[in-house]
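What follows is the content of coords_10.cif (mmCIF, C-alpha atoms (C1' of nucleotides)).
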```
data_start
loop_
_atom_site.group_PDB
_atom_site.id
_atom_site.type_symbol
_atom_site.label_atom_id
_atom_site.label_comp_id
_atom_site.auth_asym_id
_atom_site.auth_seq_id
_atom_site.Cartn_x
_atom_site.Cartn_y
_atom_site.Cartn_z
ATOM 1 C CA MET A 1 3.683 -17.606 -9.411
ATOM 2 C CA GLN A 2 1.258 -15.363 -7.527
ATOM 3 C CA ILE A 3 2.212 -11.854 -6.432
ATOM 4 C CA ALA A 4 0.105 -9.689 -4.122
ATOM 5 C CA THR A 5 0.229 -6.216 -2.623
ATOM 6 C CA TRP A 6 -1.420 -5.064 0.584
ATOM 7 C CA ASN A 7 -1.288 -1.901 2.657
ATOM 8 C CA VAL A 8 -1.629 -3.704 5.988
ATOM 9 C CA ASN A 9 -1.773 -0.610 8.257
ATOM 10 C CA SER A 10 0.576 -2.031 10.911
ATOM 11 C CA VAL A 11 1.917 -5.540 10.454
ATOM 12 C CA ARG A 12 1.999 -6.044 14.218
ATOM 13 C CA ALA A 13 -1.684 -5.240 14.606
ATOM 14 C CA ARG A 14 -2.456 -7.298 11.474
ATOM 15 C CA GLN A 15 -0.156 -10.281 12.007
ATOM 16 C CA GLU A 16 -2.890 -12.896 12.313
ATOM 17 C CA ARG A 17 -4.864 -11.600 9.357
ATOM 18 C CA VAL A 18 -1.837 -11.374 7.094
ATOM 19 C CA THR A 19 -0.563 -14.858 7.900
ATOM 20 C CA ALA A 20 -4.088 -16.251 7.489
ATOM 21 C CA PHE A 21 -4.283 -14.550 4.089
ATOM 22 C CA LEU A 22 -1.000 -16.131 3.000
ATOM 23 C CA GLN A 23 -2.133 -19.547 4.127
ATOM 24 C CA ARG A 24 -5.500 -19.189 2.407
ATOM 25 C CA THR A 25 -4.224 -17.860 -0.912
ATOM 26 C CA ASN A 26 -0.757 -19.438 -1.001
ATOM 27 C CA VAL A 27 0.680 -16.365 -2.759
ATOM 28 C CA ASP A 28 4.409 -16.598 -3.435
ATOM 29 C CA VAL A 29 5.318 -12.951 -2.879
ATOM 30 C CA LEU A 30 3.383 -10.431 -0.795
ATOM 31 C CA ALA A 31 4.458 -6.791 -0.958
ATOM 32 C CA MET A 32 3.307 -4.934 2.144
ATOM 33 C CA GLN A 33 3.029 -1.220 2.870
ATOM 34 C CA GLU A 34 2.524 0.733 6.081
ATOM 35 C CA ILE A 35 4.095 -1.956 8.221
ATOM 36 C CA LYS A 36 4.635 0.781 10.839
ATOM 37 C CA CYS A 37 7.650 -0.788 12.534
ATOM 38 C CA LYS A 38 11.396 -1.223 12.453
ATOM 39 C CA PRO A 39 12.890 -4.526 11.209
ATOM 40 C CA GLU A 40 13.626 -5.671 14.759
ATOM 41 C CA GLN A 41 9.948 -5.175 15.640
ATOM 42 C CA PHE A 42 8.594 -7.122 12.654
ATOM 43 C CA PRO A 43 6.860 -10.382 13.729
ATOM 44 C CA VAL A 44 9.183 -12.482 11.574
ATOM 45 C CA GLU A 45 8.629 -15.707 13.530
ATOM 46 C CA ALA A 46 4.911 -15.819 12.744
ATOM 47 C CA PHE A 47 5.711 -15.728 9.026
ATOM 48 C CA GLU A 48 8.565 -18.233 9.249
ATOM 49 C CA ALA A 49 6.213 -20.604 11.047
ATOM 50 C CA ILE A 50 4.024 -20.773 7.933
ATOM 51 C CA GLY A 51 6.896 -21.026 5.484
ATOM 52 C CA TYR A 52 7.609 -17.430 4.500
ATOM 53 C CA LYS A 53 10.709 -15.286 4.757
ATOM 54 C CA ILE A 54 10.665 -11.544 5.406
ATOM 55 C CA ILE A 55 12.550 -8.541 4.083
ATOM 56 C CA SER A 56 11.477 -5.307 5.702
ATOM 57 C CA HIS A 57 12.431 -1.665 5.568
ATOM 58 C CA GLY A 58 11.079 0.570 8.317
ATOM 59 C CA LEU A 59 12.569 3.499 10.215
ATOM 60 C CA ASN A 60 9.907 4.194 12.858
ATOM 61 C CA GLN A 61 6.144 3.962 13.427
ATOM 62 C CA TRP A 62 5.396 5.683 10.126
ATOM 63 C CA ASN A 63 5.327 4.173 6.649
ATOM 64 C CA GLY A 64 7.499 1.080 6.175
ATOM 65 C CA VAL A 65 7.489 -1.510 3.385
ATOM 66 C CA ALA A 66 8.241 -5.230 3.291
ATOM 67 C CA PHE A 67 8.086 -8.502 1.403
ATOM 68 C CA ALA A 68 6.900 -11.865 2.650
ATOM 69 C CA TYR A 69 7.953 -14.573 0.212
ATOM 70 C CA LYS A 70 7.960 -18.352 0.124
ATOM 71 C CA GLN A 71 10.998 -19.811 1.798
ATOM 72 C CA ASP A 72 12.025 -21.737 -1.332
ATOM 73 C CA LEU A 73 12.359 -18.452 -3.267
ATOM 74 C CA GLU A 74 15.405 -16.216 -3.314
ATOM 75 C CA ALA A 75 15.166 -12.439 -3.012
ATOM 76 C CA GLU A 76 17.906 -10.885 -5.115
ATOM 77 C CA ASP A 77 19.249 -7.345 -5.608
ATOM 78 C CA ILE A 78 17.441 -5.872 -2.609
ATOM 79 C CA GLU A 79 17.179 -2.074 -2.628
ATOM 80 C CA THR A 80 15.615 0.123 0.069
ATOM 81 C CA SER A 81 15.126 3.111 -2.237
ATOM 82 C CA PHE A 82 14.924 3.779 -5.960
ATOM 83 C CA ASP A 83 17.305 5.992 -7.916
ATOM 84 C CA GLN A 84 16.975 9.631 -6.814
ATOM 85 C CA GLN A 85 14.015 8.842 -4.574
ATOM 86 C CA PRO A 86 13.066 12.209 -3.084
ATOM 87 C CA GLU A 87 13.474 13.085 0.566
ATOM 88 C CA PHE A 88 11.107 15.029 2.804
ATOM 89 C CA LYS A 89 12.887 17.459 5.126
ATOM 90 C CA ASP A 90 16.225 15.741 4.491
ATOM 91 C CA VAL A 91 14.842 12.313 5.411
ATOM 92 C CA GLN A 92 14.485 9.504 2.912
ATOM 93 C CA GLU A 93 11.414 7.747 4.245
ATOM 94 C CA ALA A 94 10.788 3.986 4.128
ATOM 95 C CA ARG A 95 8.463 3.998 1.133
ATOM 96 C CA ALA A 96 10.150 1.739 -1.419
ATOM 97 C CA LEU A 97 11.633 -1.740 -1.338
ATOM 98 C CA GLY A 98 12.809 -3.586 -4.425
ATOM 99 C CA ALA A 99 13.704 -7.248 -4.838
ATOM 100 C CA THR A 100 13.869 -9.762 -7.671
ATOM 101 C CA PHE A 101 12.015 -13.076 -7.340
ATOM 102 C CA ASN A 102 12.437 -15.692 -10.093
ATOM 103 C CA GLY A 103 13.594 -12.941 -12.432
ATOM 104 C CA VAL A 104 10.647 -10.641 -11.672
ATOM 105 C CA ARG A 105 11.676 -7.243 -10.314
ATOM 106 C CA VAL A 106 9.075 -6.220 -7.730
ATOM 107 C CA TRP A 107 8.854 -2.856 -5.964
ATOM 108 C CA SER A 108 6.723 -2.487 -2.847
ATOM 109 C CA LEU A 109 5.697 1.174 -2.869
ATOM 110 C CA TYR A 110 3.963 3.466 -0.444
ATOM 111 C CA VAL A 111 3.485 6.744 -2.290
ATOM 112 C CA PRO A 112 3.317 9.781 0.036
ATOM 113 C CA ASN A 113 -0.086 11.209 0.884
ATOM 114 C CA GLY A 114 -0.199 14.704 -0.564
ATOM 115 C CA ARG A 115 -2.404 15.820 2.359
ATOM 116 C CA GLY A 116 -3.597 18.987 0.606
ATOM 117 C CA LEU A 117 -3.215 20.578 -2.808
ATOM 118 C CA ASP A 118 -1.034 23.357 -1.344
ATOM 119 C CA ASP A 119 0.704 21.233 1.287
ATOM 120 C CA PRO A 120 4.458 20.643 0.893
ATOM 121 C CA HIS A 121 3.665 16.936 0.938
ATOM 122 C CA MET A 122 1.929 17.304 -2.438
ATOM 123 C CA GLN A 123 5.135 18.392 -4.173
ATOM 124 C CA TYR A 124 6.911 15.539 -2.427
ATOM 125 C CA LYS A 125 4.290 13.097 -3.677
ATOM 126 C CA LEU A 126 4.493 14.357 -7.269
ATOM 127 C CA GLU A 127 8.303 14.214 -7.249
ATOM 128 C CA PHE A 128 8.171 10.702 -5.829
ATOM 129 C CA LEU A 129 5.950 9.560 -8.705
ATOM 130 C CA ASP A 130 7.992 11.452 -11.317
ATOM 131 C CA ARG A 131 11.299 9.972 -10.179
ATOM 132 C CA LEU A 132 9.858 6.484 -9.965
ATOM 133 C CA ALA A 133 8.533 6.704 -13.519
ATOM 134 C CA ALA A 134 11.792 8.188 -14.789
ATOM 135 C CA THR A 135 14.035 5.518 -13.307
ATOM 136 C CA THR A 136 11.695 2.749 -14.452
ATOM 137 C CA ALA A 137 11.688 4.216 -17.968
ATOM 138 C CA GLU A 138 15.486 4.224 -18.011
ATOM 139 C CA GLN A 139 15.589 0.569 -17.015
ATOM 140 C CA LEU A 140 13.077 -0.420 -19.692
ATOM 141 C CA GLU A 141 14.943 1.553 -22.349
ATOM 142 C CA MET A 142 18.067 -0.436 -21.549
ATOM 143 C CA ASP A 143 16.156 -3.729 -21.625
ATOM 144 C CA PRO A 144 12.554 -3.683 -22.909
ATOM 145 C CA GLU A 145 12.137 -7.339 -21.960
ATOM 146 C CA LEU A 146 12.522 -6.696 -18.231
ATOM 147 C CA GLU A 147 9.762 -8.130 -16.062
ATOM 148 C CA ILE A 148 8.968 -5.284 -13.660
ATOM 149 C CA ALA A 149 6.054 -4.863 -11.254
ATOM 150 C CA LEU A 150 5.456 -1.586 -9.427
ATOM 151 C CA VAL A 151 2.942 -2.491 -6.745
ATOM 152 C CA GLY A 152 1.474 -0.819 -3.723
ATOM 153 C CA ASP A 153 -0.496 2.110 -2.406
ATOM 154 C CA PHE A 154 -0.189 4.863 -5.019
ATOM 155 C CA ASN A 155 -2.535 7.258 -3.213
ATOM 156 C CA VAL A 156 -3.982 8.311 -6.569
ATOM 157 C CA ALA A 157 -7.475 7.601 -7.884
ATOM 158 C CA PRO A 158 -6.900 7.693 -11.651
ATOM 159 C CA LEU A 159 -10.564 7.601 -12.719
ATOM 160 C CA ASP A 160 -13.582 9.487 -11.429
ATOM 161 C CA SER A 161 -15.176 6.103 -10.758
ATOM 162 C CA ASP A 162 -12.276 5.258 -8.424
ATOM 163 C CA VAL A 163 -13.868 7.330 -5.660
ATOM 164 C CA TYR A 164 -17.383 6.999 -4.328
ATOM 165 C CA ASP A 165 -18.145 10.719 -4.501
ATOM 166 C CA LEU A 166 -15.855 12.912 -6.562
ATOM 167 C CA SER A 167 -17.174 16.100 -4.962
ATOM 168 C CA LEU A 168 -15.720 15.079 -1.589
ATOM 169 C CA PHE A 169 -12.130 14.875 -2.828
ATOM 170 C CA GLU A 170 -9.480 17.431 -3.690
ATOM 171 C CA THR A 171 -6.370 15.303 -3.368
ATOM 172 C CA HIS A 172 -5.959 11.853 -4.991
ATOM 173 C CA VAL A 173 -8.053 13.027 -7.949
ATOM 174 C CA SER A 174 -6.312 16.282 -8.922
ATOM 175 C CA GLU A 175 -4.948 16.754 -12.421
ATOM 176 C CA PRO A 176 -1.273 16.866 -11.356
ATOM 177 C CA GLU A 177 -1.662 13.613 -9.424
ATOM 178 C CA ARG A 178 -3.474 11.903 -12.273
ATOM 179 C CA ASP A 179 -0.897 13.170 -14.763
ATOM 180 C CA ALA A 180 1.878 11.776 -12.585
ATOM 181 C CA PHE A 181 0.104 8.429 -12.470
ATOM 182 C CA SER A 182 -0.572 8.325 -16.204
ATOM 183 C CA ALA A 183 3.171 8.682 -16.789
ATOM 184 C CA PHE A 184 3.524 5.019 -15.850
ATOM 185 C CA GLU A 185 1.279 4.020 -18.733
ATOM 186 C CA GLN A 186 3.212 6.328 -21.052
ATOM 187 C CA ILE A 187 6.457 4.522 -20.274
ATOM 188 C CA GLY A 188 4.832 1.178 -21.070
ATOM 189 C CA LEU A 189 3.440 -0.124 -17.791
ATOM 190 C CA THR A 190 -0.069 -1.580 -17.686
ATOM 191 C CA ASP A 191 -2.718 -1.834 -15.001
ATOM 192 C CA LYS A 192 -3.902 -5.276 -16.071
ATOM 193 C CA VAL A 193 -5.863 -5.711 -12.839
ATOM 194 C CA ARG A 194 -8.165 -2.884 -13.968
ATOM 195 C CA GLU A 195 -9.057 -4.873 -17.090
ATOM 196 C CA LEU A 196 -9.561 -8.173 -15.273
ATOM 197 C CA VAL A 197 -11.261 -6.784 -12.153
ATOM 198 C CA PRO A 198 -13.096 -3.521 -12.914
ATOM 199 C CA ASP A 199 -15.229 -1.507 -10.527
ATOM 200 C CA ILE A 200 -13.929 -2.686 -7.172
ATOM 201 C CA TYR A 201 -12.412 -0.402 -4.572
ATOM 202 C CA THR A 202 -9.262 -1.275 -2.631
ATOM 203 C CA TYR A 203 -9.695 1.072 0.357
ATOM 204 C CA TRP A 204 -12.525 2.097 2.666
ATOM 205 C CA ASP A 205 -12.035 4.585 5.507
ATOM 206 C CA TYR A 206 -12.649 3.222 8.987
ATOM 207 C CA LYS A 207 -14.954 6.159 9.685
ATOM 208 C CA ASP A 208 -18.631 6.752 8.973
ATOM 209 C CA LEU A 209 -19.600 3.198 7.995
ATOM 210 C CA CYS A 210 -17.686 3.617 4.781
ATOM 211 C CA PHE A 211 -17.371 -0.098 4.131
ATOM 212 C CA PRO A 212 -21.021 -1.043 4.746
ATOM 213 C CA LYS A 213 -21.987 1.857 2.488
ATOM 214 C CA ASN A 214 -19.285 0.894 -0.034
ATOM 215 C CA ASN A 215 -17.839 4.388 0.172
ATOM 216 C CA GLY A 216 -14.387 3.440 -1.037
ATOM 217 C CA MET A 217 -11.453 4.353 -3.242
ATOM 218 C CA ARG A 218 -9.328 2.472 -5.744
ATOM 219 C CA ILE A 219 -5.767 3.537 -4.971
ATOM 220 C CA ASP A 220 -3.777 0.279 -4.750
ATOM 221 C CA PHE A 221 -2.299 -0.930 -8.010
ATOM 222 C CA MET A 222 -0.015 -3.468 -9.641
ATOM 223 C CA LEU A 223 1.592 -1.935 -12.739
ATOM 224 C CA THR A 224 3.544 -4.297 -14.972
ATOM 225 C CA SER A 225 5.957 -4.038 -17.892
ATOM 226 C CA ASP A 226 4.865 -5.630 -21.170
ATOM 227 C CA ALA A 227 6.923 -8.788 -20.698
ATOM 228 C CA LEU A 228 5.266 -9.355 -17.337
ATOM 229 C CA THR A 229 1.781 -8.200 -18.339
ATOM 230 C CA GLU A 230 1.766 -10.983 -20.942
ATOM 231 C CA ARG A 231 2.195 -13.518 -18.140
ATOM 232 C CA ILE A 232 -0.808 -12.364 -16.079
ATOM 233 C CA GLU A 233 -3.465 -15.052 -16.265
ATOM 234 C CA SER A 234 -5.861 -13.779 -13.611
ATOM 235 C CA ALA A 235 -6.205 -11.197 -10.884
ATOM 236 C CA SER A 236 -8.310 -10.479 -7.830
ATOM 237 C CA ILE A 237 -9.094 -7.748 -5.341
ATOM 238 C CA GLU A 238 -9.682 -9.453 -2.008
ATOM 239 C CA ARG A 239 -12.626 -7.368 -0.866
ATOM 240 C CA ASP A 240 -13.610 -9.812 1.866
ATOM 241 C CA GLU A 241 -10.398 -8.907 3.719
ATOM 242 C CA ARG A 242 -12.115 -5.665 4.750
ATOM 243 C CA LYS A 243 -14.649 -7.697 6.761
ATOM 244 C CA GLY A 244 -14.351 -9.304 10.168
ATOM 245 C CA GLU A 245 -12.077 -8.657 13.124
ATOM 246 C CA LEU A 246 -9.336 -6.030 13.005
ATOM 247 C CA PRO A 247 -9.210 -5.437 9.248
ATOM 248 C CA SER A 248 -6.791 -3.116 7.505
ATOM 249 C CA ASP A 249 -8.543 -0.247 5.749
ATOM 250 C CA HIS A 250 -6.993 -1.534 2.485
ATOM 251 C CA VAL A 251 -7.477 -4.971 0.892
ATOM 252 C CA PRO A 252 -4.979 -7.128 -1.037
ATOM 253 C CA VAL A 253 -4.617 -7.082 -4.819
ATOM 254 C CA VAL A 254 -3.353 -10.324 -6.387
ATOM 255 C CA ILE A 255 -2.030 -11.362 -9.814
ATOM 256 C CA SER A 256 -1.395 -14.908 -11.015
ATOM 257 C CA LEU A 257 1.429 -15.400 -13.513
ATOM 258 C CA SER A 258 1.919 -18.208 -16.021
ATOM 259 C "C1'" DA B 1 -24.396 -8.101 8.920
ATOM 260 C "C1'" DT B 2 -19.656 -5.551 6.297
ATOM 261 C "C1'" DG B 3 -21.984 -1.277 11.749
ATOM 262 C "C1'" DA B 4 -20.610 4.380 13.549
ATOM 263 C "C1'" DC B 5 -12.116 5.063 13.156
ATOM 264 C "C1'" DT B 6 -7.442 3.027 13.994
ATOM 265 C "C1'" DC B 7 -2.560 2.831 14.815
ATOM 266 C "C1'" DG B 8 1.636 3.672 17.674
ATOM 267 C "C1'" DA B 9 3.888 6.904 19.899
ATOM 268 C "C1'" DC B 10 3.413 7.273 25.244
ATOM 269 C "C1'" DT B 11 0.185 6.958 30.327
ATOM 270 C "C1'" DA B 12 -3.272 11.498 27.838
ATOM 271 C "C1'" DT B 13 -3.179 13.106 23.970
ATOM 272 C "C1'" DC B 14 -1.734 13.477 19.318
ATOM 273 C "C1'" DG B 15 0.024 13.009 14.482
ATOM 274 C "C1'" DA B 16 -1.194 10.597 10.576
ATOM 275 C "C1'" DG B 17 -4.016 8.253 7.446
ATOM 276 C "C1'" DA B 18 -6.977 9.757 2.496
#
```
Turn the structure described in the file into structure tokens.
Amino acid sequence: MQIATWNVNSVRARQERVTAFLQRTNVDVLAMQEIKCKPEQFPVEAFEAIGYKIISHGLNQWNGVAFAYKQDLEAEDIETSFDQQPEFKDVQEARALGATFNGVRVWSLYVPNGRGLDDPHMQYKLEFLDRLAATTAEQLEMDPELEIALVGDFNVAPLDSDVYDLSLFETHVSEPERDAFSAFEQIGLTDKVRELVPDIYTYWDYKDLCFPKNNGMRIDFMLTSDALTERIESASIERDERKGELPSDHVPVVISLS
DNA sequence: ATGACTCGACTATCGAGA
């Protein structure tokens, strides 16, 4: 089974590229972020036409998360938020979607952008990461053999080498953000993609020729519990998806399971 | 070339992205 994650930056604008990606790679489950639409606006028919079903969670033109999965799979125990997922200004945004495929619990996650070190969104971001780690830890304590994958746009660059010029960044690289990210490793999750595919970015800003200059960031991750990490046979970061017509500013990350 | 932001709200500009 192959699982992928991709911040598509509008699924309606990216419909052709996303369906072409699924046809090319034949991944079984694609977790998407920033779909930027409500469920009734999602181009479901285009995915059904190539043999995929859709679950989506979107409230408006902001954020939004979804799964495309092969039509012969079942999506079980669907959740549109995790336990005690924080709100921003009394709104629980569409930033998390959980579903179980063939016994693998997958969460499609779009972690809030902190915007600035002193911006209220930074506290929101840190709480989001803290609560996600805490609830995942509780689940793994109850059953250490669970196969869990937390995948998506974490909006954190854990290593200095995950940004092209550290001096240009305040957010994404700050100590509180990196501490919040490292909590996932402390509760037993592993970034196996890092080991298999080092030194490749997952995001390049549209501005200032960032992609031709390779001025990128590594902020999209697939974190797996031990039982699932053991099943990862290979991984890829689909850098070529940043090329060509109407690309997202992020590229897909893919794992292949035994 | 991988090339100088893009998206979706709305119709002219703006919030948001990171």
Task: Close residues, Leu117 of chain A itself excluded, 8 Å, all atoms listed in the file, min 2 positions apart in chain, as a list in words - done: Gly114, Arg115, Asp119, Met122, Glu170 and Thr171 of chain A
Mind writing the picked residues with C-alpha atoms as a tab-separated table (two decimals), in the coordinates of the input?
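The result, stored in result_25.tsv:
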```tsv
chain	number	residue	atom	x	y	z
A	114	GLY	CA	-0.20	14.70	-0.56
A	115	ARG	CA	-2.40	15.82	2.36
A	119	ASP	CA	0.70	21.23	1.29
A	122	MET	CA	1.93	17.30	-2.44
A	170	GLU	CA	-9.48	17.43	-3.69
A	171	THR	CA	-6.37	15.30	-3.37
```
Return as a tab-separated table the residues of chain B lying at most 9 Å from chain A, together with the closest atom-to-atom pair for each and the distance in Å to one decimal, counting all atoms listed in the file, with rows in chain order and ascending residue number.
```
residue	atom	partner	partner_atom	distance
B:DA1	C1'	A:Pro212	CA	8.9
B:DT2	C1'	A:Pro212	CA	5.0
B:DG3	C1'	A:Leu209	CA	6.3
B:DA4	C1'	A:Asp208	CA	5.5
B:DC5	C1'	A:Tyr206	CA	4.6
B:DT6	C1'	A:Tyr206	CA	7.2
B:DC7	C1'	A:Ser10	CA	7.0
B:DG8	C1'	A:Gln61	CA	6.2
B:DA9	C1'	A:Gln61	CA	7.5
B:DA16	C1'	A:Trp62	CA	8.2
B:DG17	C1'	A:Asn113	CA	8.2
B:DA18	C1'	A:Asn113	CA	7.2
```
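Protein and nucleic acid residues near (0.3, -6.7, -8.4) are Ile3, Ala4, Thr5, Val151, Met222, Val254 and Ile255 of chain A, the criterion being any atom at most 6 Å away using all atoms listed in the file.
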Open item on the list: Which residue is closest to Ser225 of chain A? Choose from A:Gln186, A:Asn102, A:Gln71, A:Gln41 and count only C-alpha atoms.
Closed with: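 Residue with the minimum atom-to-atom distance to Ser225 of chain A: A:Gln186.
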Carefully work through the PyMOL selection byres ((chain A and resi 126) around 10) for this structure and note down the residues it includes, as a PDB file with C-alpha atoms, in the coordinates of the input.
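Result went into result06.pdb, see below:
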```
ATOM      1  CA  PRO A  86      13.066  12.209  -3.084  1.00  0.00           C
ATOM      2  CA  VAL A 111       3.485   6.744  -2.290  1.00  0.00           C
ATOM      3  CA  PRO A 112       3.317   9.781   0.036  1.00  0.00           C
ATOM      4  CA  ASN A 113      -0.086  11.209   0.884  1.00  0.00           C
ATOM      5  CA  GLY A 114      -0.199  14.704  -0.564  1.00  0.00           C
ATOM      6  CA  HIS A 121       3.665  16.936   0.938  1.00  0.00           C
ATOM      7  CA  MET A 122       1.929  17.304  -2.438  1.00  0.00           C
ATOM      8  CA  GLN A 123       5.135  18.392  -4.173  1.00  0.00           C
ATOM      9  CA  TYR A 124       6.911  15.539  -2.427  1.00  0.00           C
ATOM     10  CA  LYS A 125       4.290  13.097  -3.677  1.00  0.00           C
ATOM     11  CA  GLU A 127       8.303  14.214  -7.249  1.00  0.00           C
ATOM     12  CA  PHE A 128       8.171  10.702  -5.829  1.00  0.00           C
ATOM     13  CA  LEU A 129       5.950   9.560  -8.705  1.00  0.00           C
ATOM     14  CA  ASP A 130       7.992  11.452 -11.317  1.00  0.00           C
ATOM     15  CA  ARG A 131      11.299   9.972 -10.179  1.00  0.00           C
ATOM     16  CA  LEU A 132       9.858   6.484  -9.965  1.00  0.00           C
ATOM     17  CA  PRO A 176      -1.273  16.866 -11.356  1.00  0.00           C
ATOM     18  CA  GLU A 177      -1.662  13.613  -9.424  1.00  0.00           C
ATOM     19  CA  ARG A 178      -3.474  11.903 -12.273  1.00  0.00           C
ATOM     20  CA  ASP A 179      -0.897  13.170 -14.763  1.00  0.00           C
ATOM     21  CA  ALA A 180       1.878  11.776 -12.585  1.00  0.00           C
ATOM     22  CA  PHE A 181       0.104   8.429 -12.470  1.00  0.00           C
TER      23      PHE A 181
END
```
Open item on the list: For Asp191 of chain A, find every residue with an atom within 12 Å (counting only C-alpha atoms (C1' of nucleotides)), except residues of its own chain fewer than 2 positions away, and show them as a PyMOL selection string.
Closed with: chain A and resi 149-151+158+181-182+184-186+188-189+193-198+219-226+228-230+232+235+253+255
Open item on the list: So the first atom is atom CA of Ala66 of chain A and the second is atom CA of Glu233 of chain A; what is the distance between them in Å, to one decimal place?
Closed with: 24.8 Å
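Distance-wise, atom CA of Ala49 of chain A and atom CA of Val11 of chain A end up 15.7 Å apart.
The interatomic distance for the pair atom CA of Gly51 of chain A and atom CA of Val106 of chain A works out to 20.0 Å.
For the set A:Ala227, A:Asp118, A:Glu16, A:Leu257, the residue with the smallest atom-to-atom gap to Asp143 of chain A is A:Ala227, counting only C-alpha atoms.
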